Structures are given as structure tokens and as C-alpha cells.
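Enquirer: What follows is a single structure, and I will ask about it in a moment.
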Amino acid sequence: MANVSFNRKRAKLKQVLGIRARLALLAVILVAPLMLERIRSLEDARTRQIAQAAAEFTTVARHSADAQREVISSVETILKSEAFIRASAGGISKSCDVLRASLPSNLPWIRTLLIAGQDGRIPCATNNMYVGLDLSDRPYFQQAQETGRFVLSDFILSRPVPSPTVMAVYPVSAFSGVADAVVLATVNLDWMSKVMNNLGGRAGITAVLVDSAGTVLAAPADQHSTVGRPLDNMPLMSAIADRALRSDQDEGSLSFLAADGSRRAVSYIRIAGTNARLIASIDEDKVSAAVNRDIRTAYLQLAFVVVFVLLGALIAAEKLVIKPIEMLADMAKRLGEGDLSARAARNRLPAEFVPLARAFNAMAAQLSQRERELIASNDRLTVMASIDMLSGLANRRGFQSRLDFEWMRAQQYGSDLALLMIDVDHFKLFNDTYGHLEGDSCLTRLGESLSGIAADTMGFAARYGGEEFCLLLPNTDVNRAVEIGEQVRAAVLKLCLPHITSAHMIVTVSIGVAATRPNEALRPGDLIEAADAALYAAKHRGRNNVMEHGIQVIETGAADMMMAASA
């Protein structure tokens, strides 16, 4: 019986002094002296902690400056897009309609989009109270017209409602090459301040975004009262305002002794592409006091965490800690490798890991959604870059891309490929007689008619440039291409568009037809040249007719091309 009792006591002792208990005891023995020594060395570490805090804050300030740059860059991108649309729309009413429909809801820092004419008056805006205002006396308006580049104004008060704002300006002349309207946006300063909230709430630290004149544009929430005030009126900033604003460097820092005897460090960073600067000041005395308290608190918390974590190992099994971590690590690895379908099975995890698994799953879902949105956005941009806005057909870039594709496919399958080059007869006289608006309307009608024929013939229609169109016809020989050319010519005649300076008294077209079977000796440009030559022959023959042009390859050591025209 005594032996059995001894064994039981021995087993209980082993259980109490198991590996987890011994690790917990060892941690307490090792950590306690280290923490006491660390607390005694706080005074020696004070300088290093201040430098670390300053470096950390500088990094955060740089990130905030990058975030401000992203905000401004997004505004510039929107303005460039609107300026391009304005330059391409060919009419103020159409560009205004596009403007009113294009204010992005996911960019809340843009309050209003406006278009101002060359004289500075605003004919249209997403907010009607701006319509009719004259901005010709505004320096930012004048600077944008003079430089032809994106301009971000200094702090101003909006004229319709005296609220503080910043104006972003981009001239349409950057795309059109001639003096024209400018596109503007009013920037929401409150949102620019929200971007800086990660710089606020810290004792002894002041951070502001200022314009070239030294007026505060944005500040964290706890310093929002400084917005609109010049730096010279701020005791903490006035000592360095002149040097920070006049410096040619993109960023810099300096230290000085304030009037109250406190030591301060100041950093300033220029927002790329603008004259705005983010200026941050640190009161080292206040920061060091907070750092010392934080260090003591952190080590005390660390001691409790270490003790509780190690004591928790006494009751935490492999299943409760290691396996969930491995499962989540495997999911993170799969996400990192691009498997966006990876999800954590929450029913197999302890309750403590469920929020982390839920966060992982949400992150994976968001990444998947962002990828789909990015693909959709890229597809939309690709389509926009290849469409002629006037005729609704593909532009020259889109046509060239389709020609290369059809050429490669025809060469692969050994099929024919035909091209119709279509030119509006005496279109310059039409414009001179009826005006450019009617000319644009004429091209639009022709584009609609050609689009219908392309759909019926399985072809691809495009506006090649000016009054010249083209129709690409896969799997079509020259005889069928000539028939389709006659169909196009007849369809244009059927439109009965008046043209009193033409011999036919209505709008007509001349069409050049070329067809070939692509091979290694030819290139896509040869088909265009042949169709152009046929078009020239059709015009030379008296216009309002269809001419074909054959392509023949002769082997002479190198592949030379011979073209023969026929009616």
C-alpha cells in the first residue's frame, strides 16, 4: 500500500512539474530580472527611444504624404479622362452630358466636376450652382492655360458658397493641342484631413498639410481647427514655416530650441506633383515622457502575457493551438500563391480562432472581388481606347489590332481576307458648305450604316481617320468583297444625305477593294496599301464607284509584291 501511495504522489508531482510548467517557471525566472534591468535602464534608453519614435513618425508621415499624393493623383486621372472626353466629344453639350454622368461615387474627395471655357466662364458642372461663374481672374485657371499641365491651387474659398476648398485644373489643350476649355474639380479638404488621421492623437506631435503660401489645407481630427490658418499664426510651426516652404528639397528635417525651452524636431515632405507640403513637428520632452510610460507599461504587459501564455500551455493541447495555426498558415500560403478560392473551415477551429478565420475569408473574398473588378476595368479601358466616339466604330488602333488578329488566323487556316477602304467623296467641300457639325452628323450616319453591313456580313468596321472608313472581311474572296463594296456604296446612296457641291447632289463614297490569302511573304500592311491603291483608282475614275486591287507575290530571291488594278 505504501508503494502504491508513493507512486501516486510521484505521478502527481510529474504532472505538476511537467514540461509546460517547467517552461512557465523558467520564463518567470528569466523574464523578471530582465524586465527589472530594463526598467533601470530606461533613462539611458531615452535618447534612443526618442530617435526611434521620430523615425517611426517620419515613416508614418511619408505614408500619409503618399496617401495624399494618391488622392491628388486620382483627381488628376479623373480630370485627364474628362479632358480627353471633352477634346474628343466635338461639342460642349455632349461633353457636359458625359461630365454629369461621370462623377465617381468611389472618390468622395471630389465634390464637383466643372468645365470652364477659354474665357473662364463655366457652362456646365455636376452642381448647377457653379454654372455661369467666371474663373478668368483665378491664378490656378491662368496657370493651367499658360503651362498646359495639371495644376493644384492653394487654399481658397469657393465663390458660390464660401466654403474652404482646393481646385484641381487640367486643360483640354493637353489633348487637343489648341487653346480650349479646362476641366476642374473641387477637392473636399475634409477627406484630405481624414487621410492624415493616423498622424493625430499623439502627445507632443503636430502635423499639417500646407499649400505654397503656408496656409493649412488639412490636419488630423484633433488639430482640425488649424485648417485655413497660416503657419505664421501657429506657435509650434512659425519658427520653421519660412525654411520649410522655401526649401528646394522634396523633404528635410531640422531641430531647434523653442521659446519655452523645449526641444523640437521638424520634418517636411513635398507632395509629388504639387507645391503642397506635409509638415510634422515633435515636442521631444512630451514624446519622451509618453515613451517612458509606454515602455514600462509594455514590459509589464509583456510580463503578464508571457506568464499567462506559458501557463496557458499547461491546459492548451496541440489541437487548440498548433493545428489551427498550421491551418491558417496553409490558407495564407495558398492566398500568397494566388489561390483566391482558399477558405478557412471555421467549424474545425476553436472559438478563439474563428474571428481570424472570418477575417481571412473576408480578405480572400475581397481580393477575389478586386481581381474581378480590375479585369472588368481593364476590359472597359481597352474598349474605350479602341472606339471612335463620333462614329461608334473601332478607331484606327482597334482596326490595326483586329487586322493583325484576322491576318494571323487567316494565315493559320489558309483562308482569304478582304479589306474595303471607303472614303467620303468631296467631304471637305461638304464641311465647307454645311459646317463641321453637319459633317460630324454625316460621319455618324455613315458609321451606323457601315456597322449594320458589318454585322450582316460578319465583318469588322472601323473609322480609319478623317472621312475614311474601312471594312475588314474574313473568309471573303475578292468577288464577294466587290459585291459587299457595291452594297456599301448603295447603302450610302440610300441615305440621301444632301451634298449640293457634288455632281450627284447627295453624299457618295468611293471604295477600294483588296483581297489576299495571307502567307509568310506578305504582311498586313500590304493589304492596306493594295486597298488604298484601289481607292485611289476609284477616285481617279470619277468617284462613287468600287475598284478592286489584286495582290500577287513573285519569288525573286526576296519576296517582292506586285499589284495589278482592274475594274
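Chain lettering (A, B, ...) mirrors the order of the C-alpha cells, residue numbering begins at 1 for each chain separately, and ligand numbering begins at 1 in order of display.
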Residues within 12 Å of Ser73 (chain A), please, as a VMD selection string. Count only C-alpha atoms; anything in the same chain fewer than 5 positions from it doesn't count.

Expert: chain A and resid 65 to 68 78 to 80 107 109 to 110 150 to 152 168 187 271 to 274

Enquirer: Using only C-alpha atoms, which of the listed residues (A:Val509, A:Gly542, A:Ala218, A:Ile500) sits closest to Gln487 (chain A)?

Expert: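 Closest to Gln487 (chain A) of all the choices is A:Val509.
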
Enquirer: Need to verify the contact set: Lys539 (chain A), 12 Å, only C-alpha atoms, exclusion of same-chain residues closer than 5 positions in sequence. Can you return it as a list in words?

Expert: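 Skipping anything fewer than 5 positions along the chain leaves Met421, Ile422, Asp423, Val424, Asp425, His426, Thr508, Val509, Ser510, Ile511, Gly512, Asp532, Ala533, Ala534, Asn544, Asn545, Val546 and Met547 of chain A.
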
Enquirer: Take the selection from the previous step and output its residues with all heavy atoms, as a tab-separated table (two decimals), in the first residue's frame.

Expert:
chain	number	residue	atom	x	y	z
A	421	MET	N	-11.50	49.86	-98.31
A	421	MET	CA	-11.18	51.21	-97.86
A	421	MET	C	-12.22	52.16	-98.46
A	421	MET	O	-12.40	52.21	-99.68
A	421	MET	CB	-9.77	51.62	-98.28
A	421	MET	CG	-8.67	50.76	-97.69
A	421	MET	SD	-8.63	50.78	-95.88
A	421	MET	CE	-8.07	52.45	-95.60
A	422	ILE	N	-12.93	52.89	-97.61
A	422	ILE	CA	-14.10	53.68	-98.02
A	422	ILE	C	-13.83	55.14	-97.69
A	422	ILE	O	-13.52	55.47	-96.54
A	422	ILE	CB	-15.36	53.19	-97.28
A	422	ILE	CG1	-15.54	51.68	-97.49
A	422	ILE	CG2	-16.58	53.97	-97.71
A	422	ILE	CD1	-16.38	51.01	-96.44
A	423	ASP	N	-13.95	56.02	-98.69
A	423	ASP	CA	-13.69	57.44	-98.49
A	423	ASP	C	-14.91	58.25	-98.97
A	423	ASP	O	-15.46	57.98	-100.04
A	423	ASP	CB	-12.44	57.86	-99.27
A	423	ASP	CG	-12.02	59.27	-98.90
A	423	ASP	OD1	-11.33	59.43	-97.89
A	423	ASP	OD2	-12.39	60.21	-99.65
A	424	VAL	N	-15.32	59.21	-98.14
A	424	VAL	CA	-16.46	60.07	-98.50
A	424	VAL	C	-16.02	61.06	-99.57
A	424	VAL	O	-15.04	61.80	-99.38
A	424	VAL	CB	-17.00	60.81	-97.25
A	424	VAL	CG1	-18.22	61.64	-97.64
A	424	VAL	CG2	-17.33	59.82	-96.15
A	425	ASP	N	-16.73	61.10	-100.68
A	425	ASP	CA	-16.34	61.95	-101.81
A	425	ASP	C	-16.57	63.42	-101.46
A	425	ASP	O	-17.64	63.81	-100.95
A	425	ASP	CB	-17.16	61.58	-103.05
A	425	ASP	CG	-16.85	60.17	-103.52
A	425	ASP	OD1	-15.70	59.74	-103.33
A	425	ASP	OD2	-17.75	59.52	-104.08
A	426	HIS	N	-15.57	64.24	-101.77
A	426	HIS	CA	-15.65	65.71	-101.61
A	426	HIS	C	-16.11	66.10	-100.20
A	426	HIS	O	-16.92	67.01	-100.01
A	426	HIS	CB	-16.63	66.31	-102.65
A	426	HIS	CG	-16.26	65.99	-104.07
A	426	HIS	ND1	-15.08	66.42	-104.64
A	426	HIS	CD2	-16.94	65.26	-105.02
A	426	HIS	CE1	-15.04	65.99	-105.90
A	426	HIS	NE2	-16.15	65.27	-106.16
A	508	THR	N	-21.80	60.62	-101.54
A	508	THR	CA	-21.41	59.34	-102.14
A	508	THR	C	-20.06	58.93	-101.56
A	508	THR	O	-19.37	59.73	-100.94
A	508	THR	CB	-21.30	59.45	-103.66
A	508	THR	OG1	-20.32	60.44	-103.99
A	508	THR	CG2	-22.64	59.83	-104.28
A	509	VAL	N	-19.69	57.67	-101.83
A	509	VAL	CA	-18.40	57.18	-101.36
A	509	VAL	C	-17.68	56.47	-102.49
A	509	VAL	O	-18.31	55.93	-103.41
A	509	VAL	CB	-18.56	56.21	-100.17
A	509	VAL	CG1	-19.06	56.93	-98.94
A	509	VAL	CG2	-19.45	55.03	-100.52
A	510	SER	N	-16.34	56.52	-102.41
A	510	SER	CA	-15.51	55.72	-103.31
A	510	SER	C	-14.90	54.60	-102.48
A	510	SER	O	-14.52	54.80	-101.32
A	510	SER	CB	-14.39	56.59	-103.90
A	510	SER	OG	-14.95	57.62	-104.69
A	511	ILE	N	-14.82	53.41	-103.09
A	511	ILE	CA	-14.41	52.23	-102.33
A	511	ILE	C	-13.30	51.50	-103.07
A	511	ILE	O	-13.41	51.23	-104.27
A	511	ILE	CB	-15.60	51.28	-102.10
A	511	ILE	CG1	-16.73	52.02	-101.37
A	511	ILE	CG2	-15.17	50.04	-101.32
A	511	ILE	CD1	-18.00	51.20	-101.23
A	512	GLY	N	-12.23	51.21	-102.34
A	512	GLY	CA	-11.16	50.38	-102.87
A	512	GLY	C	-11.19	49.01	-102.22
A	512	GLY	O	-11.32	48.91	-101.00
A	532	ASP	N	-5.74	50.84	-100.48
A	532	ASP	CA	-5.55	52.28	-100.69
A	532	ASP	C	-5.34	52.58	-102.17
A	532	ASP	O	-5.85	53.58	-102.70
A	532	ASP	CB	-4.36	52.78	-99.87
A	532	ASP	CG	-4.78	53.26	-98.50
A	532	ASP	OD1	-5.94	53.66	-98.35
A	532	ASP	OD2	-3.94	53.25	-97.59
A	533	ALA	N	-4.53	51.74	-102.83
A	533	ALA	CA	-4.29	51.95	-104.27
A	533	ALA	C	-5.60	51.80	-105.05
A	533	ALA	O	-5.87	52.57	-105.99
A	533	ALA	CB	-3.25	50.95	-104.77
A	534	ALA	N	-6.40	50.82	-104.67
A	534	ALA	CA	-7.69	50.65	-105.35
A	534	ALA	C	-8.59	51.85	-105.08
A	534	ALA	O	-9.34	52.30	-105.97
A	534	ALA	CB	-8.36	49.36	-104.86
A	544	ASN	N	-17.67	57.64	-106.53
A	544	ASN	CA	-18.95	56.92	-106.44
A	544	ASN	C	-18.89	55.59	-107.19
A	544	ASN	O	-19.78	55.24	-107.95
A	544	ASN	CB	-20.12	57.77	-106.97
A	544	ASN	CG	-21.47	57.12	-106.67
A	544	ASN	OD1	-21.60	56.38	-105.69
A	544	ASN	ND2	-22.45	57.37	-107.50
A	545	ASN	N	-17.78	54.87	-107.02
A	545	ASN	CA	-17.68	53.56	-107.62
A	545	ASN	C	-16.76	52.69	-106.77
A	545	ASN	O	-16.16	53.16	-105.81
A	545	ASN	CB	-17.17	53.63	-109.07
A	545	ASN	CG	-15.81	54.31	-109.16
A	545	ASN	OD1	-14.82	53.75	-108.70
A	545	ASN	ND2	-15.77	55.52	-109.73
A	546	VAL	N	-16.70	51.41	-107.17
A	546	VAL	CA	-15.91	50.41	-106.43
A	546	VAL	C	-14.84	49.87	-107.36
A	546	VAL	O	-15.12	49.47	-108.49
A	546	VAL	CB	-16.81	49.26	-105.94
A	546	VAL	CG1	-15.99	48.23	-105.18
A	546	VAL	CG2	-17.95	49.79	-105.08
A	547	MET	N	-13.60	49.86	-106.89
A	547	MET	CA	-12.47	49.32	-107.66
A	547	MET	C	-11.77	48.27	-106.82
A	547	MET	O	-11.64	48.41	-105.61
A	547	MET	CB	-11.49	50.44	-108.03
A	547	MET	CG	-12.04	51.46	-109.00
A	547	MET	SD	-12.18	50.79	-110.67
A	547	MET	CE	-10.47	50.62	-111.11

Enquirer: Could you tell me how far CA of Arg523 (chain A) sits from CA of Arg463 (chain A), in Å to one decimal place?

Expert: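 Those two atoms sit 21.0 Å apart.
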
Enquirer: So how many Å separate CA of Ile279 (chain A) and CA of Ala207 (chain A), to one decimal?

Expert: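 CA of Ala207 (chain A) lies at a distance of 5.7 Å from CA of Ile279 (chain A).
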
Enquirer: Could you go through region 399-538 of chain A and tell me which residues DSSP, when run on the backbone, assigns to alpha helix (DSSP H), listing them as an MDAnalysis selection string?

Expert: chainID A and resid 399:413 427:434 436:457 478:495 524:538

Enquirer: For Asn395 (chain A), please output as a ChimeraX atom specification all residues within 7 Å (counting only C-alpha atoms; exclusion window: fewer than 5 positions along the same chain).

Expert: /A:386-388,462-464

Enquirer: May I have the residues within 12 Å of Tyr130 (chain A) as a PDB file with all heavy atoms, in the first residue's frame, using only C-alpha atoms and disregarding those fewer than 3 positions away in the same chain?

Expert:
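Wrote result-v3.pdb, looks like this:
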ATOM      1  N   ARG A 111     -15.733  66.834 -54.880  1.00  0.00           N
ATOM      2  CA  ARG A 111     -17.083  67.339 -54.639  1.00  0.00           C
ATOM      3  C   ARG A 111     -17.825  67.621 -55.940  1.00  0.00           C
ATOM      4  O   ARG A 111     -18.972  67.245 -56.113  1.00  0.00           O
ATOM      5  CB  ARG A 111     -17.004  68.625 -53.810  1.00  0.00           C
ATOM      6  CG  ARG A 111     -16.743  68.396 -52.332  1.00  0.00           C
ATOM      7  CD  ARG A 111     -16.679  69.710 -51.603  1.00  0.00           C
ATOM      8  NE  ARG A 111     -16.681  69.541 -50.161  1.00  0.00           N
ATOM      9  CZ  ARG A 111     -16.431  70.520 -49.303  1.00  0.00           C
ATOM     10  NH1 ARG A 111     -16.178  71.739 -49.747  1.00  0.00           N
ATOM     11  NH2 ARG A 111     -16.443  70.277 -48.006  1.00  0.00           N
ATOM     12  N   THR A 112     -17.158  68.338 -56.835  1.00  0.00           N
ATOM     13  CA  THR A 112     -17.824  68.812 -58.047  1.00  0.00           C
ATOM     14  C   THR A 112     -16.850  68.754 -59.216  1.00  0.00           C
ATOM     15  O   THR A 112     -15.660  69.038 -59.052  1.00  0.00           O
ATOM     16  CB  THR A 112     -18.311  70.273 -57.876  1.00  0.00           C
ATOM     17  OG1 THR A 112     -19.022  70.395 -56.658  1.00  0.00           O
ATOM     18  CG2 THR A 112     -19.202  70.685 -59.032  1.00  0.00           C
ATOM     19  N   LEU A 113     -17.340  68.373 -60.393  1.00  0.00           N
ATOM     20  CA  LEU A 113     -16.588  68.466 -61.643  1.00  0.00           C
ATOM     21  C   LEU A 113     -17.171  69.608 -62.470  1.00  0.00           C
ATOM     22  O   LEU A 113     -18.395  69.780 -62.532  1.00  0.00           O
ATOM     23  CB  LEU A 113     -16.674  67.166 -62.428  1.00  0.00           C
ATOM     24  CG  LEU A 113     -15.945  65.957 -61.820  1.00  0.00           C
ATOM     25  CD1 LEU A 113     -16.188  64.722 -62.675  1.00  0.00           C
ATOM     26  CD2 LEU A 113     -14.452  66.225 -61.710  1.00  0.00           C
ATOM     27  N   LEU A 114     -16.300  70.413 -63.102  1.00  0.00           N
ATOM     28  CA  LEU A 114     -16.739  71.560 -63.870  1.00  0.00           C
ATOM     29  C   LEU A 114     -15.962  71.644 -65.173  1.00  0.00           C
ATOM     30  O   LEU A 114     -14.848  71.129 -65.288  1.00  0.00           O
ATOM     31  CB  LEU A 114     -16.537  72.882 -63.089  1.00  0.00           C
ATOM     32  CG  LEU A 114     -16.916  72.933 -61.605  1.00  0.00           C
ATOM     33  CD1 LEU A 114     -15.715  72.616 -60.740  1.00  0.00           C
ATOM     34  CD2 LEU A 114     -17.464  74.309 -61.254  1.00  0.00           C
ATOM     35  N   ILE A 115     -16.543  72.301 -66.148  1.00  0.00           N
ATOM     36  CA  ILE A 115     -15.846  72.660 -67.383  1.00  0.00           C
ATOM     37  C   ILE A 115     -15.929  74.175 -67.531  1.00  0.00           C
ATOM     38  O   ILE A 115     -17.024  74.747 -67.450  1.00  0.00           O
ATOM     39  CB  ILE A 115     -16.468  71.980 -68.611  1.00  0.00           C
ATOM     40  CG1 ILE A 115     -16.281  70.459 -68.531  1.00  0.00           C
ATOM     41  CG2 ILE A 115     -15.843  72.507 -69.898  1.00  0.00           C
ATOM     42  CD1 ILE A 115     -16.866  69.715 -69.706  1.00  0.00           C
ATOM     43  N   ALA A 116     -14.780  74.846 -67.703  1.00  0.00           N
ATOM     44  CA  ALA A 116     -14.730  76.286 -67.923  1.00  0.00           C
ATOM     45  C   ALA A 116     -14.227  76.540 -69.331  1.00  0.00           C
ATOM     46  O   ALA A 116     -13.269  75.908 -69.783  1.00  0.00           O
ATOM     47  CB  ALA A 116     -13.833  76.971 -66.900  1.00  0.00           C
ATOM     48  N   ARG A 121     -15.525  81.235 -68.139  1.00  0.00           N
ATOM     49  CA  ARG A 121     -16.897  81.023 -67.669  1.00  0.00           C
ATOM     50  C   ARG A 121     -17.240  79.530 -67.687  1.00  0.00           C
ATOM     51  O   ARG A 121     -16.801  78.800 -68.555  1.00  0.00           O
ATOM     52  CB  ARG A 121     -17.891  81.804 -68.522  1.00  0.00           C
ATOM     53  CG  ARG A 121     -17.772  83.316 -68.344  1.00  0.00           C
ATOM     54  CD  ARG A 121     -19.003  84.064 -68.816  1.00  0.00           C
ATOM     55  NE  ARG A 121     -18.916  85.485 -68.482  1.00  0.00           N
ATOM     56  CZ  ARG A 121     -19.249  86.022 -67.340  1.00  0.00           C
ATOM     57  NH1 ARG A 121     -19.751  85.214 -66.386  1.00  0.00           N
ATOM     58  NH2 ARG A 121     -19.124  87.308 -67.097  1.00  0.00           N
ATOM     59  N   ILE A 122     -18.033  79.140 -66.698  1.00  0.00           N
ATOM     60  CA  ILE A 122     -18.398  77.733 -66.527  1.00  0.00           C
ATOM     61  C   ILE A 122     -19.745  77.485 -67.199  1.00  0.00           C
ATOM     62  O   ILE A 122     -20.778  77.957 -66.711  1.00  0.00           O
ATOM     63  CB  ILE A 122     -18.478  77.364 -65.037  1.00  0.00           C
ATOM     64  CG1 ILE A 122     -17.100  77.570 -64.385  1.00  0.00           C
ATOM     65  CG2 ILE A 122     -18.937  75.930 -64.854  1.00  0.00           C
ATOM     66  CD1 ILE A 122     -17.104  77.352 -62.891  1.00  0.00           C
ATOM     67  N   PRO A 123     -19.765  76.712 -68.306  1.00  0.00           N
ATOM     68  CA  PRO A 123     -21.043  76.410 -68.958  1.00  0.00           C
ATOM     69  C   PRO A 123     -21.737  75.184 -68.369  1.00  0.00           C
ATOM     70  O   PRO A 123     -22.931  75.024 -68.514  1.00  0.00           O
ATOM     71  CB  PRO A 123     -20.634  76.148 -70.406  1.00  0.00           C
ATOM     72  CG  PRO A 123     -19.245  75.622 -70.292  1.00  0.00           C
ATOM     73  CD  PRO A 123     -18.610  76.298 -69.110  1.00  0.00           C
ATOM     74  N   CYS A 124     -20.984  74.297 -67.725  1.00  0.00           N
ATOM     75  CA  CYS A 124     -21.625  73.118 -67.150  1.00  0.00           C
ATOM     76  C   CYS A 124     -20.824  72.601 -65.974  1.00  0.00           C
ATOM     77  O   CYS A 124     -19.606  72.793 -65.914  1.00  0.00           O
ATOM     78  CB  CYS A 124     -21.813  72.030 -68.205  1.00  0.00           C
ATOM     79  SG  CYS A 124     -20.258  71.307 -68.773  1.00  0.00           S
ATOM     80  N   ALA A 125     -21.530  71.968 -65.032  1.00  0.00           N
ATOM     81  CA  ALA A 125     -20.909  71.417 -63.835  1.00  0.00           C
ATOM     82  C   ALA A 125     -21.851  70.379 -63.267  1.00  0.00           C
ATOM     83  O   ALA A 125     -23.046  70.352 -63.567  1.00  0.00           O
ATOM     84  CB  ALA A 125     -20.653  72.526 -62.811  1.00  0.00           C
ATOM     85  N   THR A 126     -21.296  69.489 -62.431  1.00  0.00           N
ATOM     86  CA  THR A 126     -22.143  68.487 -61.784  1.00  0.00           C
ATOM     87  C   THR A 126     -22.999  69.112 -60.690  1.00  0.00           C
ATOM     88  O   THR A 126     -23.939  68.488 -60.214  1.00  0.00           O
ATOM     89  CB  THR A 126     -21.279  67.371 -61.189  1.00  0.00           C
ATOM     90  OG1 THR A 126     -20.314  67.954 -60.288  1.00  0.00           O
ATOM     91  CG2 THR A 126     -20.546  66.611 -62.286  1.00  0.00           C
ATOM     92  N   ASN A 127     -22.674  70.337 -60.278  1.00  0.00           N
ATOM     93  CA  ASN A 127     -23.500  71.094 -59.329  1.00  0.00           C
ATOM     94  C   ASN A 127     -23.894  72.395 -60.026  1.00  0.00           C
ATOM     95  O   ASN A 127     -23.044  73.234 -60.341  1.00  0.00           O
ATOM     96  CB  ASN A 127     -22.712  71.372 -58.048  1.00  0.00           C
ATOM     97  CG  ASN A 127     -23.590  71.989 -56.970  1.00  0.00           C
ATOM     98  OD1 ASN A 127     -24.607  72.626 -57.256  1.00  0.00           O
ATOM     99  ND2 ASN A 127     -23.196  71.801 -55.716  1.00  0.00           N
ATOM    100  N   LEU A 133     -20.337  80.970 -63.411  1.00  0.00           N
ATOM    101  CA  LEU A 133     -19.255  81.654 -62.708  1.00  0.00           C
ATOM    102  C   LEU A 133     -18.109  81.973 -63.662  1.00  0.00           C
ATOM    103  O   LEU A 133     -17.854  81.250 -64.624  1.00  0.00           O
ATOM    104  CB  LEU A 133     -18.730  80.792 -61.563  1.00  0.00           C
ATOM    105  CG  LEU A 133     -19.637  80.645 -60.336  1.00  0.00           C
ATOM    106  CD1 LEU A 133     -18.980  79.746 -59.318  1.00  0.00           C
ATOM    107  CD2 LEU A 133     -19.912  82.018 -59.716  1.00  0.00           C
ATOM    108  N   ASP A 134     -17.404  83.061 -63.362  1.00  0.00           N
ATOM    109  CA  ASP A 134     -16.260  83.483 -64.173  1.00  0.00           C
ATOM    110  C   ASP A 134     -14.993  83.235 -63.360  1.00  0.00           C
ATOM    111  O   ASP A 134     -14.779  83.825 -62.298  1.00  0.00           O
ATOM    112  CB  ASP A 134     -16.386  84.962 -64.534  1.00  0.00           C
ATOM    113  CG  ASP A 134     -15.274  85.402 -65.478  1.00  0.00           C
ATOM    114  OD1 ASP A 134     -14.417  84.573 -65.840  1.00  0.00           O
ATOM    115  OD2 ASP A 134     -15.243  86.592 -65.837  1.00  0.00           O
ATOM    116  N   LEU A 135     -14.130  82.330 -63.855  1.00  0.00           N
ATOM    117  CA  LEU A 135     -12.893  81.986 -63.154  1.00  0.00           C
ATOM    118  C   LEU A 135     -11.665  82.585 -63.830  1.00  0.00           C
ATOM    119  O   LEU A 135     -10.541  82.217 -63.499  1.00  0.00           O
ATOM    120  CB  LEU A 135     -12.731  80.456 -63.104  1.00  0.00           C
ATOM    121  CG  LEU A 135     -13.879  79.663 -62.474  1.00  0.00           C
ATOM    122  CD1 LEU A 135     -13.544  78.177 -62.486  1.00  0.00           C
ATOM    123  CD2 LEU A 135     -14.146  80.132 -61.048  1.00  0.00           C
ATOM    124  N   SER A 158     -14.594  78.890 -51.847  1.00  0.00           N
ATOM    125  CA  SER A 158     -15.442  78.712 -53.015  1.00  0.00           C
ATOM    126  C   SER A 158     -16.382  79.911 -53.168  1.00  0.00           C
ATOM    127  O   SER A 158     -16.879  80.459 -52.185  1.00  0.00           O
ATOM    128  CB  SER A 158     -16.255  77.426 -52.867  1.00  0.00           C
ATOM    129  OG  SER A 158     -17.106  77.267 -53.966  1.00  0.00           O
ATOM    130  N   ARG A 159     -16.630  80.326 -54.407  1.00  0.00           N
ATOM    131  CA  ARG A 159     -17.447  81.520 -54.639  1.00  0.00           C
ATOM    132  C   ARG A 159     -18.952  81.308 -54.434  1.00  0.00           C
ATOM    133  O   ARG A 159     -19.599  82.122 -53.803  1.00  0.00           O
ATOM    134  CB  ARG A 159     -17.180  82.050 -56.055  1.00  0.00           C
ATOM    135  CG  ARG A 159     -15.861  82.837 -56.123  1.00  0.00           C
ATOM    136  CD  ARG A 159     -15.596  83.374 -57.512  1.00  0.00           C
ATOM    137  NE  ARG A 159     -14.415  84.220 -57.519  1.00  0.00           N
ATOM    138  CZ  ARG A 159     -13.829  84.665 -58.624  1.00  0.00           C
ATOM    139  NH1 ARG A 159     -14.330  84.362 -59.797  1.00  0.00           N
ATOM    140  NH2 ARG A 159     -12.763  85.432 -58.554  1.00  0.00           N
ATOM    141  N   PRO A 160     -19.529  80.213 -54.950  1.00  0.00           N
ATOM    142  CA  PRO A 160     -20.984  80.073 -54.754  1.00  0.00           C
ATOM    143  C   PRO A 160     -21.351  79.988 -53.277  1.00  0.00           C
ATOM    144  O   PRO A 160     -22.275  80.643 -52.813  1.00  0.00           O
ATOM    145  CB  PRO A 160     -21.307  78.761 -55.479  1.00  0.00           C
ATOM    146  CG  PRO A 160     -20.179  78.546 -56.398  1.00  0.00           C
ATOM    147  CD  PRO A 160     -18.981  79.139 -55.747  1.00  0.00           C
ATOM    148  N   VAL A 161     -20.610  79.160 -52.539  1.00  0.00           N
ATOM    149  CA  VAL A 161     -20.805  79.036 -51.093  1.00  0.00           C
ATOM    150  C   VAL A 161     -19.427  79.206 -50.468  1.00  0.00           C
ATOM    151  O   VAL A 161     -18.506  78.463 -50.808  1.00  0.00           O
ATOM    152  CB  VAL A 161     -21.387  77.651 -50.726  1.00  0.00           C
ATOM    153  CG1 VAL A 161     -21.516  77.530 -49.208  1.00  0.00           C
ATOM    154  CG2 VAL A 161     -22.731  77.451 -51.389  1.00  0.00           C
ATOM    155  N   LEU A 184     -12.165  71.189 -64.307  1.00  0.00           N
ATOM    156  CA  LEU A 184     -11.810  71.490 -62.927  1.00  0.00           C
ATOM    157  C   LEU A 184     -12.538  70.558 -61.975  1.00  0.00           C
ATOM    158  O   LEU A 184     -13.571  69.979 -62.322  1.00  0.00           O
ATOM    159  CB  LEU A 184     -12.163  72.950 -62.564  1.00  0.00           C
ATOM    160  CG  LEU A 184     -11.645  74.062 -63.479  1.00  0.00           C
ATOM    161  CD1 LEU A 184     -12.701  74.409 -64.518  1.00  0.00           C
ATOM    162  CD2 LEU A 184     -11.256  75.303 -62.679  1.00  0.00           C
ATOM    163  N   ALA A 185     -11.986  70.445 -60.778  1.00  0.00           N
ATOM    164  CA  ALA A 185     -12.637  69.670 -59.716  1.00  0.00           C
ATOM    165  C   ALA A 185     -12.424  70.390 -58.395  1.00  0.00           C
ATOM    166  O   ALA A 185     -11.340  70.918 -58.138  1.00  0.00           O
ATOM    167  CB  ALA A 185     -12.075  68.259 -59.641  1.00  0.00           C
ATOM    168  N   THR A 186     -13.484  70.461 -57.586  1.00  0.00           N
ATOM    169  CA  THR A 186     -13.343  70.993 -56.228  1.00  0.00           C
ATOM    170  C   THR A 186     -13.018  69.827 -55.308  1.00  0.00           C
ATOM    171  O   THR A 186     -13.686  68.799 -55.335  1.00  0.00           O
ATOM    172  CB  THR A 186     -14.632  71.688 -55.769  1.00  0.00           C
ATOM    173  OG1 THR A 186     -15.707  70.749 -55.797  1.00  0.00           O
ATOM    174  CG2 THR A 186     -14.967  72.851 -56.682  1.00  0.00           C
TER     175      THR A 186
END

Enquirer: Would you pick out the contacts of Gly148 (chain A) at 9 Å or less, using only C-alpha atoms, so that residues sharing its chain but fewer than 5 positions from it are not included, and give the list as a PyMOL selection string?

Expert: chain A and resi 143+170-174

Enquirer: Mind checking which residues fall within 12 Å of region 453-461 of chain A, counting only C-alpha atoms, ignoring those fewer than 2 positions away in the same chain, and posting them as an NGL selection string?

Expert: :A and (387-388 or 391-396 or 398-403 or 405-406 or 417-422 or 446-451 or 463-464 or 468-476 or 480-481 or 483-492)

Enquirer: So the first atom is CA of Gln145 (chain A) and the second is CA of Ile72 (chain A); what is the distance between them in Å, to one decimal place?

Expert: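 CA of Gln145 (chain A) sits 19.4 Å away from CA of Ile72 (chain A).
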
Enquirer: Using only C-alpha atoms, find the one residue out of A:Leu209, A:Leu527, A:Leu231, A:Ile325 that sits nearest to Asp404 (chain A).

Expert: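 Closest to Asp404 (chain A), using only C-alpha atoms: A:Leu527.
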